[in-house]
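Below is one structure, written out as structure tokens, with a few remarks after it.
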Amino acid sequence: MTNPTQGIAFDVPPRWEIQSAGWVTYVSKDGDPDDKPLIAIRNVAMLQKKWCSSDENRDGTLEDTPLAQVGTRGNNGYRSTHEIAGSDPETWVYGAYAQPDRTKVKTGTVEAFTTDSGLKGTLGTAWSVGVKKSKKCVTDGKAWVFAFKSATGDLVSWSFFGARNVSGEVPDATIRKVAATVRLYKAPSDS
């Protein structure tokens with residue numbers, strides 16, 4: 001998968017569905033009338049796009065919840081890869097799984113990480129514990145974020161977030177393998 005705008009590429013396992021180029025996935029605060037994103041990714045791939053479906057707002061339309069999603073984002077406004085890897089996983093887990101209870105979100109250690117292509121950056125994790133299953137598709141979740149500098153020196157990141165403690169949960173070893181495929185990408189120039 002490539003995001004030519006930010007110069008990022010990564011691979012996903014065969015069963016993952018790659019979404020169209022303009023696709024954006026985001027999470028917002030529950031009940032926000034403006035649906036303003038807390039955090040968003042583009043260049044999205046999903047595992048089991050219709051893993052769980054429900055019509056919580058009873059408008060007659062089923063909303064699908066994927067088992068897991070990955071994508072990339074620009075991180076303008078952040079000061080370091082360490083800051084991104086420390087805060088973005090927490091935001092994904094809170095936004096997608098733990099709302100309204102931030103105390104359910106736990107964070108892992110932030111570590112230096114080098115991908116298979118030699119790209120150096122910072123990897124951070126977060127997960128939720130004890131989210132109350134108040135609706136059909138509510139589960140605990142987890143997120144991993146690998147933050148690094150693009151070829152132009154901008155702070156960017158690769159994000160994974162998915163359901164936790166469920167049948168078919170994406171193993172941490174798989175997430176780490178996918179993160180290891182992240183590389184800088186240069187679009188072919190028109191000659």
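Each chain of the structure tokens is named A, B, ... in the order shown, its residues numbered from 1; ligands are numbered from 1 in display order.
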Spatial neighbours of A:Leu155, 6 Å, only C-alpha atoms, chain gap at least 6 places, as a PyMOL selection string = chain A and resi 75+148-149
request  = Could you give me, as JSON, numbers by chain, the residues within 10 Å of stretch 125-138 of chain A, counting only C-alpha atoms and dropping anything in the same chain fewer than 2 positions from it?
outcome  = {"A": [51, 52, 53, 54, 55, 56, 63, 64, 65, 66, 67, 85, 86, 87, 88, 89, 90, 91, 92, 93, 94, 96, 97, 98, 99, 100, 101, 102, 103, 104, 105, 106, 107, 108, 109, 110, 111, 123, 140, 141, 142, 143, 144, 145, 146, 159, 160, 161, 162, 163, 164, 165]}
Selection to disk with N, CA and C atoms, as a short mmCIF file (atom, residue, chain, number, x, y, z; two decimals), in the first residue's frame:
data_model
loop_
_atom_site.label_atom_id
_atom_site.label_comp_id
_atom_site.auth_asym_id
_atom_site.auth_seq_id
_atom_site.Cartn_x
_atom_site.Cartn_y
_atom_site.Cartn_z
N TRP A 51 -16.97 -7.08 10.39
CA TRP A 51 -16.78 -8.01 11.51
C TRP A 51 -17.98 -7.98 12.45
N CYS A 52 -18.50 -6.79 12.72
CA CYS A 52 -19.70 -6.65 13.56
C CYS A 52 -20.53 -5.51 12.97
N SER A 53 -21.83 -5.72 12.85
CA SER A 53 -22.73 -4.70 12.31
C SER A 53 -23.88 -4.46 13.28
N SER A 54 -24.23 -3.20 13.48
CA SER A 54 -25.35 -2.87 14.35
C SER A 54 -25.97 -1.54 13.92
N ASP A 55 -27.20 -1.31 14.35
CA ASP A 55 -27.90 -0.06 14.06
C ASP A 55 -28.20 0.61 15.40
N GLU A 56 -27.14 1.11 16.05
CA GLU A 56 -27.27 1.68 17.39
C GLU A 56 -28.16 2.91 17.43
N GLU A 63 -24.36 0.01 10.75
CA GLU A 63 -22.99 0.53 10.75
C GLU A 63 -22.06 -0.66 10.97
N ASP A 64 -21.05 -0.76 10.10
CA ASP A 64 -20.11 -1.86 10.19
C ASP A 64 -18.90 -1.48 11.03
N THR A 65 -18.46 -2.42 11.85
CA THR A 65 -17.25 -2.25 12.64
C THR A 65 -16.23 -3.29 12.16
N PRO A 66 -15.09 -2.84 11.61
CA PRO A 66 -14.05 -3.80 11.21
C PRO A 66 -13.37 -4.41 12.43
N LEU A 67 -12.79 -5.58 12.24
CA LEU A 67 -12.01 -6.22 13.30
C LEU A 67 -10.76 -5.39 13.59
N ALA A 85 4.23 8.55 19.21
CA ALA A 85 4.10 7.14 19.62
C ALA A 85 3.56 7.02 21.04
N GLY A 86 3.74 8.06 21.82
CA GLY A 86 3.23 8.05 23.19
C GLY A 86 1.76 8.44 23.29
N SER A 87 1.30 9.35 22.41
CA SER A 87 -0.07 9.85 22.54
C SER A 87 -1.07 9.28 21.54
N ASP A 88 -0.66 9.02 20.30
CA ASP A 88 -1.63 8.55 19.28
C ASP A 88 -2.27 7.20 19.63
N PRO A 89 -1.52 6.19 20.12
CA PRO A 89 -2.17 4.92 20.45
C PRO A 89 -3.28 5.11 21.50
N GLU A 90 -2.99 5.94 22.48
CA GLU A 90 -3.96 6.22 23.54
C GLU A 90 -5.22 6.87 22.96
N THR A 91 -5.04 7.81 22.03
CA THR A 91 -6.18 8.49 21.40
C THR A 91 -7.02 7.51 20.59
N TRP A 92 -6.37 6.61 19.84
CA TRP A 92 -7.12 5.59 19.08
C TRP A 92 -7.94 4.71 20.00
N VAL A 93 -7.32 4.21 21.07
CA VAL A 93 -8.02 3.29 21.97
C VAL A 93 -9.17 4.00 22.68
N TYR A 94 -8.92 5.22 23.15
CA TYR A 94 -9.99 5.97 23.79
C TYR A 94 -11.13 6.23 22.81
N ALA A 96 -11.93 4.86 19.83
CA ALA A 96 -12.59 3.72 19.17
C ALA A 96 -13.20 2.72 20.15
N TYR A 97 -12.70 2.66 21.39
CA TYR A 97 -13.13 1.57 22.28
C TYR A 97 -13.55 2.00 23.69
N ALA A 98 -12.85 2.94 24.31
CA ALA A 98 -13.02 3.16 25.75
C ALA A 98 -13.95 4.31 26.14
N GLN A 99 -14.39 5.12 25.18
CA GLN A 99 -15.22 6.26 25.55
C GLN A 99 -16.41 5.82 26.39
N PRO A 100 -16.79 6.59 27.41
CA PRO A 100 -16.24 7.89 27.82
C PRO A 100 -15.19 7.77 28.93
N ASP A 101 -14.68 6.56 29.19
CA ASP A 101 -13.85 6.32 30.37
C ASP A 101 -12.36 6.20 30.05
N ARG A 102 -11.62 7.31 30.19
CA ARG A 102 -10.18 7.31 29.90
C ARG A 102 -9.40 6.40 30.84
N THR A 103 -9.95 6.08 32.02
CA THR A 103 -9.22 5.23 32.97
C THR A 103 -9.11 3.80 32.48
N LYS A 104 -9.89 3.41 31.47
CA LYS A 104 -9.82 2.06 30.91
C LYS A 104 -8.65 1.90 29.94
N VAL A 105 -8.00 3.02 29.57
CA VAL A 105 -6.90 2.99 28.59
C VAL A 105 -5.56 2.84 29.30
N LYS A 106 -4.80 1.84 28.89
CA LYS A 106 -3.45 1.59 29.44
C LYS A 106 -2.45 1.80 28.31
N THR A 107 -1.26 2.28 28.65
CA THR A 107 -0.24 2.50 27.63
C THR A 107 0.99 1.65 27.90
N GLY A 108 1.60 1.20 26.82
CA GLY A 108 2.81 0.41 26.92
C GLY A 108 4.03 1.31 26.85
N THR A 109 5.19 0.70 26.85
CA THR A 109 6.42 1.48 26.74
C THR A 109 6.59 1.96 25.30
N VAL A 110 7.20 3.09 25.15
CA VAL A 110 7.52 3.64 23.83
C VAL A 110 8.95 3.21 23.54
N GLU A 111 9.16 2.60 22.38
CA GLU A 111 10.48 2.04 22.08
C GLU A 111 11.00 2.50 20.73
N LEU A 123 8.01 3.39 18.29
CA LEU A 123 6.81 2.55 18.29
C LEU A 123 6.16 2.62 19.67
N ASP A 140 -13.07 -4.43 24.03
CA ASP A 140 -11.79 -3.81 24.35
C ASP A 140 -11.02 -3.69 23.04
N GLY A 141 -10.06 -2.78 23.00
CA GLY A 141 -9.29 -2.58 21.78
C GLY A 141 -7.83 -2.34 22.09
N LYS A 142 -7.05 -2.29 21.01
CA LYS A 142 -5.61 -2.01 21.15
C LYS A 142 -5.16 -1.21 19.94
N ALA A 143 -4.07 -0.48 20.12
CA ALA A 143 -3.52 0.32 19.02
C ALA A 143 -2.00 0.32 19.10
N TRP A 144 -1.39 0.35 17.92
CA TRP A 144 0.06 0.47 17.78
C TRP A 144 0.32 1.62 16.82
N VAL A 145 1.29 2.45 17.13
CA VAL A 145 1.65 3.54 16.23
C VAL A 145 3.17 3.57 16.07
N PHE A 146 3.61 3.59 14.81
CA PHE A 146 5.03 3.75 14.48
C PHE A 146 5.20 5.15 13.89
N SER A 159 -0.48 3.71 11.73
CA SER A 159 -1.30 3.32 12.88
C SER A 159 -2.03 2.01 12.63
N PHE A 160 -2.14 1.22 13.69
CA PHE A 160 -2.98 0.02 13.71
C PHE A 160 -3.93 0.19 14.88
N PHE A 161 -5.22 -0.12 14.68
CA PHE A 161 -6.10 -0.28 15.83
C PHE A 161 -7.10 -1.38 15.54
N GLY A 162 -7.43 -2.16 16.58
CA GLY A 162 -8.32 -3.29 16.39
C GLY A 162 -8.88 -3.81 17.70
N ALA A 163 -9.86 -4.70 17.57
CA ALA A 163 -10.50 -5.30 18.75
C ALA A 163 -9.52 -6.19 19.50
N ARG A 164 -9.71 -6.25 20.82
CA ARG A 164 -8.81 -7.01 21.70
C ARG A 164 -9.63 -8.01 22.51
N ASN A 165 -9.02 -9.15 22.81
CA ASN A 165 -9.68 -10.22 23.58
C ASN A 165 -10.95 -10.72 22.89
#
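If you look at atom CA of A:Thr2 and atom CA of A:Pro14, they are 15.6 Å away from each other.
Relative to atom CA of A:Ala179, atom CA of A:Gly124 is found at 11.1 Å.
Here atom CA of A:Leu119 is placed at a distance of 7.7 Å from atom CA of A:Leu184.
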